[in-house]
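K.L.:
my_file_0.cif is reproduced below (mmCIF, C-alpha atoms (C1' of nucleotides)).
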data_work
loop_
_atom_site.label_atom_id
_atom_site.label_comp_id
_atom_site.auth_asym_id
_atom_site.auth_seq_id
_atom_site.Cartn_x
_atom_site.Cartn_y
_atom_site.Cartn_z
CA MET A 116 -44.91 105.73 117.15
CA ASP A 117 -48.62 105.92 117.15
CA THR A 118 -50.55 105.93 113.91
CA ARG A 119 -51.35 109.62 114.27
CA THR A 120 -47.69 110.64 114.23
CA LEU A 121 -47.05 108.27 111.35
CA CYS A 122 -49.80 110.00 109.36
CA LEU A 123 -48.39 113.41 110.17
CA GLY A 124 -45.03 112.23 108.92
CA VAL A 125 -46.41 111.08 105.60
CA LEU A 126 -48.42 114.25 105.16
CA ASN A 127 -45.35 116.29 105.91
CA ARG A 128 -43.88 114.96 102.67
CA GLY A 129 -46.94 116.07 100.71
CA ASP A 130 -50.73 115.89 100.59
CA ALA A 131 -52.31 112.46 100.43
CA THR A 132 -55.51 110.51 100.91
CA GLY A 133 -55.85 107.83 103.55
CA TYR A 134 -55.45 105.26 100.84
CA GLU A 135 -52.19 106.81 99.67
CA ILE A 136 -50.87 106.97 103.21
CA LYS A 137 -51.45 103.26 103.54
CA LYS A 138 -49.60 102.67 100.28
CA SER A 139 -46.58 104.61 101.43
CA PHE A 140 -46.16 102.09 104.23
CA GLU A 141 -46.43 99.21 101.81
CA GLU A 142 -44.46 100.17 98.74
CA GLY A 143 -43.46 103.75 99.31
CA PRO A 144 -40.40 105.21 100.95
CA LEU A 145 -41.60 104.32 104.43
CA ALA A 146 -42.03 100.64 103.65
CA HIS A 147 -40.20 98.39 106.14
CA ILE A 148 -39.89 101.22 108.62
CA HIS A 149 -43.34 101.06 110.15
CA GLU A 150 -46.76 99.57 109.49
CA ALA A 151 -50.26 100.93 109.55
CA SER A 152 -53.58 99.42 108.51
CA PHE A 153 -56.72 101.11 107.18
CA GLY A 154 -58.46 100.39 110.44
CA ALA A 155 -55.79 102.44 112.18
CA ILE A 156 -55.24 105.17 109.59
CA TYR A 157 -58.81 106.33 108.95
CA PRO A 158 -59.74 106.86 112.60
CA ALA A 159 -56.37 108.54 113.15
CA LEU A 160 -57.01 111.00 110.30
CA THR A 161 -60.48 111.76 111.59
CA LYS A 162 -59.11 112.55 115.01
CA LEU A 163 -56.22 114.57 113.60
CA ALA A 164 -58.70 116.65 111.60
CA GLU A 165 -60.84 117.25 114.68
CA GLU A 166 -57.79 118.52 116.52
CA GLY A 167 -56.77 120.78 113.65
CA LEU A 168 -53.46 119.03 113.01
CA VAL A 169 -54.51 118.22 109.47
CA ALA A 170 -57.03 119.72 107.04
CA TYR A 171 -58.72 118.09 104.09
CA ARG A 172 -60.42 118.92 100.85
CA ALA A 173 -63.31 116.59 100.05
CA GLU A 174 -63.77 115.44 96.49
CA PRO A 175 -67.08 113.78 95.58
CA GLN A 176 -66.66 110.34 94.14
CA SER A 177 -70.21 109.82 92.94
CA GLN A 178 -71.12 110.71 89.41
CA ARG A 179 -74.76 111.07 90.26
CA ALA A 180 -74.65 114.32 92.14
CA ASP A 181 -78.33 113.81 92.96
CA THR A 182 -79.03 112.08 96.25
CA ARG A 183 -77.09 110.74 99.12
CA SER A 184 -75.07 108.13 97.35
CA LYS A 185 -73.52 105.85 99.89
CA ARG A 186 -70.10 106.36 98.41
CA PRO A 187 -67.99 108.56 100.70
CA ASP A 188 -66.00 111.53 99.44
CA LYS A 189 -62.35 111.17 98.63
CA LYS A 190 -60.40 113.24 101.10
CA HIS A 191 -57.11 114.93 100.27
CA TYR A 192 -55.38 115.61 103.54
CA SER A 193 -52.68 118.15 104.22
CA ILE A 194 -50.75 118.93 107.36
CA THR A 195 -51.36 122.23 109.16
CA ARG A 196 -48.98 124.45 111.09
CA SER A 197 -49.99 122.89 114.39
CA GLY A 198 -49.65 119.50 112.76
CA GLU A 199 -46.06 120.31 111.85
CA ALA A 200 -45.43 121.45 115.40
CA ALA A 201 -46.88 118.20 116.74
CA LEU A 202 -44.72 116.18 114.38
CA GLU A 203 -41.61 118.06 115.40
CA ALA A 204 -42.42 117.48 119.06
CA ALA A 205 -42.74 113.76 118.38
CA LEU A 206 -39.44 113.66 116.50
CA VAL A 207 -37.40 114.97 119.40
CA ARG A 208 -38.83 112.53 121.92
CA GLN A 209 -36.30 109.80 122.33
CA PRO A 210 -37.22 106.85 120.16
CA ARG A 211 -38.28 103.60 121.71
CA ARG A 212 -36.14 100.71 120.70
CA ASP A 213 -36.89 98.97 117.43
CA GLU A 214 -39.32 96.13 117.34
CA VAL A 215 -38.68 93.22 115.05
CA ARG A 216 -40.94 90.26 114.63
CA SER A 217 -39.54 87.72 112.28
CA ASP A 218 -41.34 84.45 111.88
CA PHE A 219 -38.70 83.55 109.33
CA LEU A 220 -35.83 83.75 111.81
CA PHE A 221 -37.87 82.01 114.49
CA ILE A 222 -38.52 79.08 112.16
CA LEU A 223 -34.93 79.05 110.97
CA PHE A 224 -33.91 78.74 114.60
CA PHE A 225 -35.37 75.23 114.51
CA ALA A 226 -33.90 74.37 111.12
CA HIS A 227 -33.05 70.84 112.26
CA ARG A 228 -36.74 70.15 112.75
CA LEU A 229 -37.54 70.93 109.13
CA SER A 230 -37.15 68.59 106.19
CA PRO A 231 -34.38 69.56 103.76
CA ALA A 232 -37.04 70.38 101.17
CA GLU A 233 -38.88 72.71 103.54
CA LEU A 234 -35.69 74.37 104.67
CA THR A 235 -34.59 74.90 101.09
CA ARG A 236 -37.93 76.37 100.16
CA LEU A 237 -37.86 78.66 103.19
CA ILE A 238 -34.44 80.10 102.45
CA ASP A 239 -34.87 80.37 98.70
CA ALA A 240 -38.19 82.15 99.12
CA ARG A 241 -36.51 84.56 101.44
CA ILE A 242 -33.66 85.27 99.05
CA ALA A 243 -36.22 85.87 96.31
CA GLY A 244 -38.07 88.18 98.68
CA TYR A 245 -34.94 90.22 99.29
CA ASP A 246 -34.31 90.40 95.54
CA GLU A 247 -37.77 91.80 95.04
CA ILE A 248 -37.34 94.39 97.76
CA LEU A 249 -33.92 95.41 96.47
CA GLU A 250 -35.12 95.70 92.91
CA ARG A 251 -38.00 97.91 93.93
CA MET A 252 -35.71 100.06 96.05
CA GLN A 253 -33.18 100.46 93.27
CA ALA A 254 -35.88 101.34 90.77
CA CYS A 255 -36.87 104.22 93.01
CA ASP A 256 -36.19 107.41 91.08
CA ARG A 257 -36.18 111.13 91.83
CA LEU A 258 -34.41 110.25 95.01
CA ALA A 259 -31.95 113.07 94.51
CA GLU A 260 -34.79 115.53 94.97
CA ARG A 261 -35.70 114.20 98.39
CA PRO A 262 -34.25 115.55 101.65
CA ALA A 263 -31.08 114.09 103.09
CA GLY A 264 -32.84 112.02 105.75
CA GLU A 265 -34.93 110.15 103.22
CA ARG A 266 -31.94 109.39 101.05
CA PHE A 267 -29.97 108.25 104.06
CA VAL A 268 -32.70 105.90 105.26
CA HIS A 269 -33.05 104.56 101.74
CA GLU A 270 -29.34 103.80 101.44
CA PHE A 271 -29.26 102.34 104.93
CA GLY A 272 -32.01 99.96 103.93
CA LEU A 273 -30.23 99.00 100.75
CA ALA A 274 -27.01 98.28 102.61
CA VAL A 275 -28.68 96.15 105.27
CA TYR A 276 -30.90 94.20 102.90
CA GLN A 277 -27.98 93.55 100.57
CA ARG A 278 -25.96 92.18 103.46
CA ALA A 279 -28.85 90.00 104.61
CA ARG A 280 -29.37 88.65 101.10
CA ALA A 281 -25.67 87.96 100.67
CA PHE A 282 -25.43 86.14 103.99
CA LEU A 283 -28.29 83.84 103.09
CA ALA A 284 -26.89 83.10 99.64
CA ASP A 285 -23.38 82.50 100.96
CA ASN A 286 -24.35 80.24 103.84
CA ARG A 287 -27.38 78.44 102.47
CA ASP A 288 -25.61 75.23 101.51
CA ARG A 289 -23.67 75.02 104.73
CA LEU A 290 -26.86 75.33 106.77
CA LEU A 291 -28.57 72.68 104.68
CA ALA A 292 -25.72 70.27 105.35
CA GLU A 293 -25.43 71.05 109.04
CA ALA A 294 -29.16 70.93 109.69
CA ALA A 295 -29.37 67.55 108.04
CA ALA A 296 -26.52 66.36 110.27
CA ASP A 297 -28.33 67.65 113.38
CA ALA A 298 -31.62 66.07 112.41
CA ALA A 299 -30.24 62.62 111.66
CA PRO A 300 -26.88 62.29 113.35
CA THR A 301 -24.43 59.88 111.79
CA ALA A 302 -22.62 57.27 113.84
CA ALA A 303 -19.63 59.60 113.95
CA GLY A 304 -21.86 62.43 115.07
CA ARG A 305 -23.29 60.38 117.89
CA VAL A 306 -19.83 59.41 119.08
CA ALA A 307 -18.81 63.08 119.10
CA ALA A 308 -21.99 64.06 120.94
CA ALA A 309 -21.46 61.39 123.57
CA LYS A 310 -18.09 62.81 124.64
CA MET B 102 -46.31 83.88 115.63
CA ASP B 103 -48.54 83.88 118.63
CA THR B 104 -47.09 83.89 122.10
CA ARG B 105 -48.06 80.26 122.62
CA THR B 106 -45.88 79.06 119.75
CA LEU B 107 -43.08 81.32 120.93
CA CYS B 108 -43.23 79.68 124.35
CA LEU B 109 -43.21 76.22 122.82
CA GLY B 110 -40.13 77.20 120.86
CA VAL B 111 -38.24 78.33 123.93
CA LEU B 112 -39.28 75.25 125.89
CA ASN B 113 -38.13 73.08 123.03
CA ARG B 114 -34.60 74.26 123.79
CA GLY B 115 -34.93 73.26 127.43
CA ASP B 116 -37.11 73.62 130.52
CA ALA B 117 -37.75 77.11 131.80
CA THR B 118 -39.94 79.24 134.03
CA GLY B 119 -42.10 82.01 132.62
CA TYR B 120 -39.58 84.48 133.88
CA GLU B 121 -36.77 82.74 132.03
CA ILE B 122 -38.81 82.61 128.84
CA LYS B 123 -39.21 86.34 129.03
CA LYS B 124 -35.48 86.75 129.50
CA SER B 125 -34.70 84.69 126.43
CA PHE B 126 -36.55 87.25 124.33
CA GLU B 127 -34.62 90.07 125.93
CA GLU B 128 -31.04 88.95 126.22
CA GLY B 129 -31.08 85.34 125.16
CA PRO B 130 -30.62 83.78 121.74
CA LEU B 131 -34.08 84.82 120.62
CA ALA B 132 -33.53 88.48 121.34
CA HIS B 133 -34.32 90.71 118.36
CA ILE B 134 -36.28 87.93 116.67
CA HIS B 135 -39.56 88.30 118.52
CA GLU B 136 -40.97 89.94 121.59
CA ALA B 137 -43.18 88.76 124.41
CA SER B 138 -44.21 90.40 127.66
CA PHE B 139 -45.15 88.84 131.00
CA GLY B 140 -48.74 89.74 130.40
CA ALA B 141 -48.65 87.61 127.27
CA ILE B 142 -46.40 84.79 128.47
CA TYR B 143 -48.11 83.81 131.71
CA PRO B 144 -51.60 83.43 130.26
CA ALA B 145 -50.12 81.58 127.28
CA LEU B 146 -48.35 79.10 129.55
CA THR B 147 -51.51 78.53 131.58
CA LYS B 148 -53.46 77.75 128.46
CA LEU B 149 -50.69 75.57 127.05
CA ALA B 150 -50.70 73.56 130.28
CA GLU B 151 -54.47 73.14 130.15
CA GLU B 152 -54.17 71.76 126.65
CA GLY B 153 -51.38 69.39 127.63
CA LEU B 154 -48.80 70.95 125.31
CA VAL B 155 -46.58 71.74 128.26
CA ALA B 156 -46.23 70.31 131.76
CA TYR B 157 -44.80 71.93 134.86
CA ARG B 158 -43.27 71.12 138.19
CA ALA B 159 -44.26 73.55 140.91
CA GLU B 160 -41.63 74.63 143.38
CA PRO B 161 -42.80 76.38 146.53
CA GLN B 162 -41.19 79.77 147.00
CA SER B 163 -42.32 80.40 150.54
CA GLN B 164 -40.08 79.50 153.41
CA ARG B 165 -42.95 79.30 155.83
CA ALA B 166 -44.51 76.03 154.72
CA ASP B 167 -47.34 76.75 157.14
CA THR B 168 -50.33 78.52 155.62
CA ARG B 169 -51.41 79.87 152.29
CA SER B 170 -48.67 82.39 151.75
CA LYS B 171 -49.64 84.76 148.98
CA ARG B 172 -46.45 84.04 147.12
CA PRO B 173 -47.13 81.81 144.08
CA ASP B 174 -45.12 78.71 143.32
CA LYS B 175 -42.25 78.86 140.86
CA LYS B 176 -43.18 76.75 137.88
CA HIS B 177 -40.65 74.90 135.78
CA TYR B 178 -42.25 74.23 132.45
CA SER B 179 -41.29 71.56 129.95
CA ILE B 180 -42.65 70.76 126.54
CA THR B 181 -44.64 67.54 126.04
CA ARG B 182 -44.87 65.25 123.04
CA SER B 183 -48.02 66.95 121.80
CA GLY B 184 -46.33 70.27 122.42
CA GLU B 185 -43.50 69.26 120.14
CA ALA B 186 -46.01 68.18 117.52
CA ALA B 187 -47.80 71.52 117.78
CA LEU B 188 -44.51 73.37 117.43
CA GLU B 189 -43.56 71.38 114.39
CA ALA B 190 -46.94 72.07 112.82
CA ALA B 191 -46.41 75.79 113.38
CA LEU B 192 -42.92 75.67 111.86
CA VAL B 193 -44.08 74.34 108.52
CA ARG B 194 -46.82 76.91 108.08
CA GLN B 195 -45.50 79.54 105.76
CA PRO B 196 -44.17 82.48 107.74
CA ARG B 197 -45.89 85.81 107.57
CA ARG B 198 -43.64 88.57 106.41
CA ASP B 199 -41.40 90.26 108.93
CA GLU B 200 -42.64 93.20 110.86
CA VAL B 201 -40.30 96.03 111.63
CA ARG B 202 -41.18 99.07 113.63
CA SER B 203 -38.33 101.48 113.85
CA ASP B 204 -38.94 104.82 115.45
CA PHE B 205 -35.28 105.53 114.85
CA LEU B 206 -35.56 105.26 111.07
CA PHE B 207 -38.83 107.16 111.05
CA ILE B 208 -37.22 110.04 112.90
CA LEU B 209 -34.11 109.88 110.72
CA PHE B 210 -36.39 110.23 107.71
CA PHE B 211 -37.01 113.79 108.86
CA ALA B 212 -33.38 114.52 109.68
CA HIS B 213 -33.61 118.03 108.22
CA ARG B 214 -36.19 118.92 110.89
CA LEU B 215 -33.80 118.08 113.71
CA SER B 216 -31.12 120.33 115.11
CA PRO B 217 -27.56 119.19 114.38
CA ALA B 218 -27.13 118.43 118.07
CA GLU B 219 -30.22 116.25 118.18
CA LEU B 220 -29.30 114.45 115.00
CA THR B 221 -25.81 113.78 116.28
CA ARG B 222 -27.15 112.46 119.54
CA LEU B 223 -29.64 110.23 117.73
CA ILE B 224 -27.05 108.60 115.49
CA ASP B 225 -24.33 108.28 118.08
CA ALA B 226 -26.74 106.68 120.52
CA ARG B 227 -27.70 104.23 117.84
CA ILE B 228 -24.12 103.32 117.03
CA ALA B 229 -23.49 102.80 120.72
CA GLY B 230 -26.61 100.63 120.84
CA TYR B 231 -25.31 98.46 118.03
CA ASP B 232 -21.96 98.15 119.77
CA GLU B 233 -23.69 96.93 122.89
CA ILE B 234 -25.73 94.37 120.99
CA LEU B 235 -22.70 93.16 119.03
CA GLU B 236 -20.61 92.85 122.15
CA ARG B 237 -23.24 90.78 123.87
CA MET B 238 -23.67 88.59 120.84
CA GLN B 239 -19.96 88.01 120.47
CA ALA B 240 -19.63 87.18 124.15
CA CYS B 241 -22.15 84.42 123.67
CA ASP B 242 -20.37 81.15 124.38
CA ARG B 243 -21.14 77.44 124.01
CA LEU B 244 -22.58 78.32 120.63
CA ALA B 245 -20.84 75.35 119.04
CA GLU B 246 -23.03 73.05 121.13
CA ARG B 247 -26.25 74.50 119.74
CA PRO B 248 -28.04 73.17 116.66
CA ALA B 249 -27.22 74.51 113.22
CA GLY B 250 -30.31 76.74 112.98
CA GLU B 251 -29.44 78.64 116.13
CA ARG B 252 -25.87 79.20 115.03
CA PHE B 253 -27.05 80.34 111.63
CA VAL B 254 -29.53 82.84 113.04
CA HIS B 255 -26.85 84.09 115.40
CA GLU B 256 -24.36 84.66 112.58
CA PHE B 257 -27.02 86.22 110.40
CA GLY B 258 -27.77 88.70 113.14
CA LEU B 259 -24.10 89.49 113.60
CA ALA B 260 -23.62 90.10 109.89
CA VAL B 261 -26.64 92.37 109.58
CA TYR B 262 -25.98 94.37 112.74
CA GLN B 263 -22.34 94.83 111.78
CA ARG B 264 -23.38 96.17 108.39
CA ALA B 265 -25.91 98.51 109.96
CA ARG B 266 -23.36 99.79 112.43
CA ALA B 267 -20.76 100.29 109.72
CA PHE B 268 -23.18 102.18 107.50
CA LEU B 269 -24.06 104.59 110.27
CA ALA B 270 -20.44 105.17 111.21
CA ASP B 271 -19.35 105.64 107.58
CA ASN B 272 -22.13 108.02 106.58
CA ARG B 273 -22.78 109.92 109.76
CA ASP B 274 -20.78 113.02 108.87
CA ARG B 275 -22.18 113.20 105.37
CA LEU B 276 -25.73 113.11 106.71
CA LEU B 277 -24.97 115.79 109.26
CA ALA B 278 -23.68 118.08 106.51
CA GLU B 279 -26.49 117.37 104.07
CA ALA B 280 -29.25 117.68 106.66
CA ALA B 281 -27.90 121.05 107.71
CA ALA B 282 -27.92 122.14 104.07
CA ASP B 283 -31.54 121.00 103.69
CA ALA B 284 -32.65 122.73 106.86
CA ALA B 285 -31.09 126.09 106.05
CA PRO B 286 -30.56 126.27 102.29
CA THR B 287 -27.82 128.56 101.08
CA ALA B 288 -28.42 131.10 98.34
CA ALA B 289 -26.85 128.65 95.89
CA GLY B 290 -29.14 125.93 97.19
CA ARG B 291 -32.23 128.06 96.71
CA VAL B 292 -31.23 128.86 93.14
CA ALA B 293 -30.77 125.16 92.39
CA ALA B 294 -34.12 124.35 93.99
CA ALA B 295 -35.90 126.99 91.94
CA LYS B 296 -34.88 125.41 88.63
"C1'" DG C 291 -32.19 101.20 154.11
"C1'" DG C 292 -32.77 101.22 149.13
"C1'" DT C 293 -32.28 99.28 144.69
"C1'" DT C 294 -31.94 95.47 141.64
"C1'" DG C 295 -33.05 90.83 140.26
"C1'" DC C 296 -35.94 86.87 140.85
"C1'" DA C 297 -40.77 85.25 140.34
"C1'" DT C 298 -45.89 84.98 139.32
"C1'" DG C 299 -50.02 86.69 138.35
"C1'" DT C 300 -54.42 89.80 137.23
"C1'" DA C 301 -57.16 93.57 135.37
"C1'" DA C 302 -57.96 97.58 132.94
"C1'" DA C 303 -57.00 100.09 129.13
"C1'" DT C 304 -55.08 100.54 124.75
"C1'" DG C 305 -54.60 99.91 120.29
"C1'" DG C 306 -54.74 97.48 116.35
"C1'" DT C 307 -56.21 93.76 113.13
"C1'" DT C 308 -59.67 91.62 110.49
"C1'" DA C 309 -63.72 91.39 108.29
"C1'" DC C 310 -67.32 93.54 106.31
"C1'" DA C 311 -70.01 96.96 103.49
"C1'" DT C 312 -70.10 99.84 99.46
"C1'" DG C 313 -69.07 101.29 94.84
"C1'" DA C 314 -66.56 103.01 90.59
"C1'" DT C 315 -63.13 102.29 87.15
"C1'" DT C 316 -59.62 99.94 84.47
"C1'" DG C 317 -57.59 96.16 82.51
"C1'" DT C 318 -57.91 90.93 80.83
"C1'" DA D 7 -67.48 88.85 82.92
"C1'" DC D 8 -64.05 88.93 86.40
"C1'" DA D 9 -60.22 90.44 88.90
"C1'" DA D 10 -57.58 94.09 90.49
"C1'" DT D 11 -56.98 98.82 91.98
"C1'" DC D 12 -58.89 102.78 93.87
"C1'" DA D 13 -61.35 104.61 97.98
"C1'" DT D 14 -63.60 105.21 102.65
"C1'" DG D 15 -65.36 103.76 106.71
"C1'" DT D 16 -67.25 100.88 110.90
"C1'" DA D 17 -67.41 97.39 114.35
"C1'" DA D 18 -66.32 93.26 116.51
"C1'" DC D 19 -62.74 91.01 118.11
"C1'" DC D 20 -58.20 90.16 119.71
"C1'" DA D 21 -53.77 90.68 121.73
"C1'" DT D 22 -50.76 93.12 124.13
"C1'" DT D 23 -49.11 96.62 127.01
"C1'" DT D 24 -49.10 98.71 131.39
"C1'" DA D 25 -49.84 99.06 135.92
"C1'" DC D 26 -50.54 96.98 140.02
"C1'" DA D 27 -50.07 93.50 143.88
"C1'" DT D 28 -47.01 90.47 146.38
"C1'" DG D 29 -42.70 88.83 148.33
"C1'" DC D 30 -37.87 87.22 149.06
"C1'" DA D 31 -32.82 87.52 148.67
"C1'" DA D 32 -28.61 89.75 147.52
"C1'" DC D 33 -25.88 93.57 147.24
"C1'" DC D 34 -24.23 98.19 148.17
#
As structure tokens - that is how I would like this structure written.
P.N.:
Amino acid sequence: MDTRTLCLGVLNRGDATGYEIKKSFEEGPLAHIHEASFGAIYPALTKLAEEGLVAYRAEPQSQRADTRSKRPDKKHYSITRSGEAALEAALVRQPRRDEVRSDFLFILFFAHRLSPAELTRLIDARIAGYDEILERMQACDRLAERPAGERFVHEFGLAVYQRARAFLADNRDRLLAEAAADAAPTAAGRVAAAK
Amino acid sequence: MDTRTLCLGVLNRGDATGYEIKKSFEEGPLAHIHEASFGAIYPALTKLAEEGLVAYRAEPQSQRADTRSKRPDKKHYSITRSGEAALEAALVRQPRRDEVRSDFLFILFFAHRLSPAELTRLIDARIAGYDEILERMQACDRLAERPAGERFVHEFGLAVYQRARAFLADNRDRLLAEAAADAAPTAAGRVAAAK
DNA sequence: GGTTGCATGTAAATGGTTACATGATTGT
DNA sequence: ACAATCATGTAACCATTTACATGCAACC
């Protein structure tokens, strides 16, 4: 998905500023589904407005109404009819396969190269990270008012994150023991490996 | 993780050509953890070799040993001591948070904008996709010979994908019904919404 | 005879990240 | 007084994707 479609999607849920769109990818309902940075969002909105897919209402942010203050207006964007049509066209195109980039899993792959302390820190930080995500997701209210798709995606995320968290918690100690054995094989280990 | 570190990681498991490195991100044990394209891998390997972090043995691919055939040599890369050191240094740096980009979930978010047929197709294709992934992962043999980290990541992936698959299968029909209700509200629905 | 898989590589184009610049307000 | 949050925007830089070029062998 390009940033333009992502913006249309957010605006389809309700009016927002560029800043708020960014937030919805960080903490909002679209967090963990896609990413978008300011450097991508602002140019995308400008282009979208040029093409008539979104409209905006500018709100001055300077108190001094006098001269050209350098502070730019705050822009409340809303999706237009053609914007909705463009979004719908994007939704029916078959999705490209998910992209995942997990430094955590890549590092964990080489667990035997890490010291027990580092490995412990890595996993515990991750469990804590999942707890944070899950707490924030569960604190999310007014969900019942949202459309079915949003609720579904929310529950899907909860289910998957809960499973991931549980797997880490349940298998942490085993990994610690096995990684230590791989890193510094015992005499018995070396005999077994030699066979 | 930059592509260079990714290459070092793969080569740490054993010698490989650029082509094989690419494959290991597609079907191999590192699939779904990170991505890397030819256009990223080949330049990365060249640079890595210049810096002495990897070495390679060139194998001519042309039968005609005569003149400069245009066909480039096949290069078997292996990691060097300094390459291993560089990898280890990268592993202890604290990982940046995971990136996920899921067009599927983004589209699902707007389920009520899709026709029932499209929604059904979307979800069923996804379930089938999970089945394919799970089958390939379960067919993976000689896992017992791999270090603890690899086995752990493998099992983590299995657990999470299985949960994701199960959630979709268990909640598919409910979503279909609810999305249809959202898309074309009944009189009762409109009354409830008005309150 | 055509497609698929093996195998490397380059160049152009894309698209995004990062860093910077600016400035007000609110909380500590 | 300082940090954080709100708020927009630009530009340089970077990395990656995509397309292309080349070529052989195996299989159908």
K.L.:
Quote the spacing between atom CA of B:Ala265 and atom CA of B:Glu128 in Å to one decimal place.
P.N.:
19.5 Å
K.L.:
Residues of chain A within 9 Å of chain C, counting only C-alpha atoms (C1' of nucleotides), what are they? List them as a VMD selection string.
P.N.:
chain A and resid 151 to 152 154 to 155 176 to 177 185 to 186
K.L.:
Here is a test: counting all atoms listed in the file, which residue of A:Arg119, A:Lys137, A:Arg266, A:Arg287 is nearest to chain D?
P.N.:
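Closest candidate: A:Lys137.
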K.L.:
Please report as number ranges by chain which residues of chain D come no farther than 9 Å from chain A, using all atoms listed in the file.
P.N.:
D: 12-16
K.L.:
I'd like the interatomic distance between atom CA of A:Ala243 and atom CA of A:Leu290, to a tenth of an Å.
P.N.:
17.6 Å
K.L.:
Near chain B, meaning an atom within 7 Å, which residues of chain A appear when counting all atoms listed in the file? Write them as a PyMOL selection string.
P.N.:
chain A and resi 116+147-150+206+210-211+213-227+262-265+267-268+271+275+278-279+282+290+293-294+297
K.L.:
How many Å lie between atom CA of A:His191 and atom CA of A:Ala131, rounded to one decimal?
P.N.:
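These two atoms are separated by 5.4 Å.
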K.L.:
Could you write stretch 233-238 of chain B as an mmCIF file, in the frame of the given file, with all heavy atoms rebuilt where they are missing?
P.N.:
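Output (rebuild_36.cif):
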data_model
loop_
_atom_site.group_PDB
_atom_site.id
_atom_site.type_symbol
_atom_site.label_atom_id
_atom_site.label_comp_id
_atom_site.auth_asym_id
_atom_site.auth_seq_id
_atom_site.Cartn_x
_atom_site.Cartn_y
_atom_site.Cartn_z
ATOM 1 N N GLU B 233 -23.281 97.704 121.727
ATOM 2 C CA GLU B 233 -23.690 96.930 122.890
ATOM 3 C C GLU B 233 -24.245 95.562 122.466
ATOM 4 O O GLU B 233 -23.888 94.518 123.006
ATOM 5 C CB GLU B 233 -24.790 97.697 123.630
ATOM 6 C CG GLU B 233 -24.627 97.740 125.116
ATOM 7 C CD GLU B 233 -25.719 98.616 125.726
ATOM 8 O OE1 GLU B 233 -25.551 99.857 125.748
ATOM 9 O OE2 GLU B 233 -26.742 98.042 126.142
ATOM 10 N N ILE B 234 -25.139 95.608 121.480
ATOM 11 C CA ILE B 234 -25.730 94.370 120.990
ATOM 12 C C ILE B 234 -24.655 93.431 120.462
ATOM 13 O O ILE B 234 -24.631 92.235 120.789
ATOM 14 C CB ILE B 234 -26.737 94.680 119.849
ATOM 15 C CG1 ILE B 234 -27.973 95.392 120.390
ATOM 16 C CG2 ILE B 234 -27.133 93.394 119.123
ATOM 17 C CD1 ILE B 234 -28.906 95.915 119.305
ATOM 18 N N LEU B 235 -23.747 93.980 119.650
ATOM 19 C CA LEU B 235 -22.700 93.160 119.030
ATOM 20 C C LEU B 235 -21.787 92.552 120.077
ATOM 21 O O LEU B 235 -21.407 91.379 119.991
ATOM 22 C CB LEU B 235 -21.908 93.999 118.028
ATOM 23 C CG LEU B 235 -22.662 94.290 116.719
ATOM 24 C CD1 LEU B 235 -21.994 95.404 115.933
ATOM 25 C CD2 LEU B 235 -22.774 93.025 115.868
ATOM 26 N N GLU B 236 -21.461 93.352 121.085
ATOM 27 C CA GLU B 236 -20.610 92.850 122.150
ATOM 28 C C GLU B 236 -21.262 91.667 122.854
ATOM 29 O O GLU B 236 -20.638 90.635 123.088
ATOM 30 C CB GLU B 236 -20.350 93.958 123.163
ATOM 31 C CG GLU B 236 -18.894 94.344 123.306
ATOM 32 C CD GLU B 236 -18.768 95.565 124.196
ATOM 33 O OE1 GLU B 236 -18.807 95.404 125.432
ATOM 34 O OE2 GLU B 236 -18.673 96.695 123.652
ATOM 35 N N ARG B 237 -22.537 91.849 123.169
ATOM 36 C CA ARG B 237 -23.240 90.780 123.870
ATOM 37 C C ARG B 237 -23.345 89.530 123.012
ATOM 38 O O ARG B 237 -23.211 88.417 123.497
ATOM 39 C CB ARG B 237 -24.639 91.265 124.295
ATOM 40 C CG ARG B 237 -24.900 90.888 125.739
ATOM 41 C CD ARG B 237 -26.307 91.187 126.201
ATOM 42 N NE ARG B 237 -26.698 92.549 126.009
ATOM 43 C CZ ARG B 237 -27.854 92.904 125.467
ATOM 44 N NH1 ARG B 237 -28.697 91.961 125.057
ATOM 45 N NH2 ARG B 237 -28.179 94.172 125.336
ATOM 46 N N MET B 238 -23.565 89.752 121.724
ATOM 47 C CA MET B 238 -23.670 88.590 120.840
ATOM 48 C C MET B 238 -22.341 87.859 120.703
ATOM 49 O O MET B 238 -22.298 86.635 120.652
ATOM 50 C CB MET B 238 -24.169 89.038 119.460
ATOM 51 C CG MET B 238 -25.648 89.394 119.452
ATOM 52 S SD MET B 238 -26.232 89.905 117.822
ATOM 53 C CE MET B 238 -26.504 88.311 117.041
#
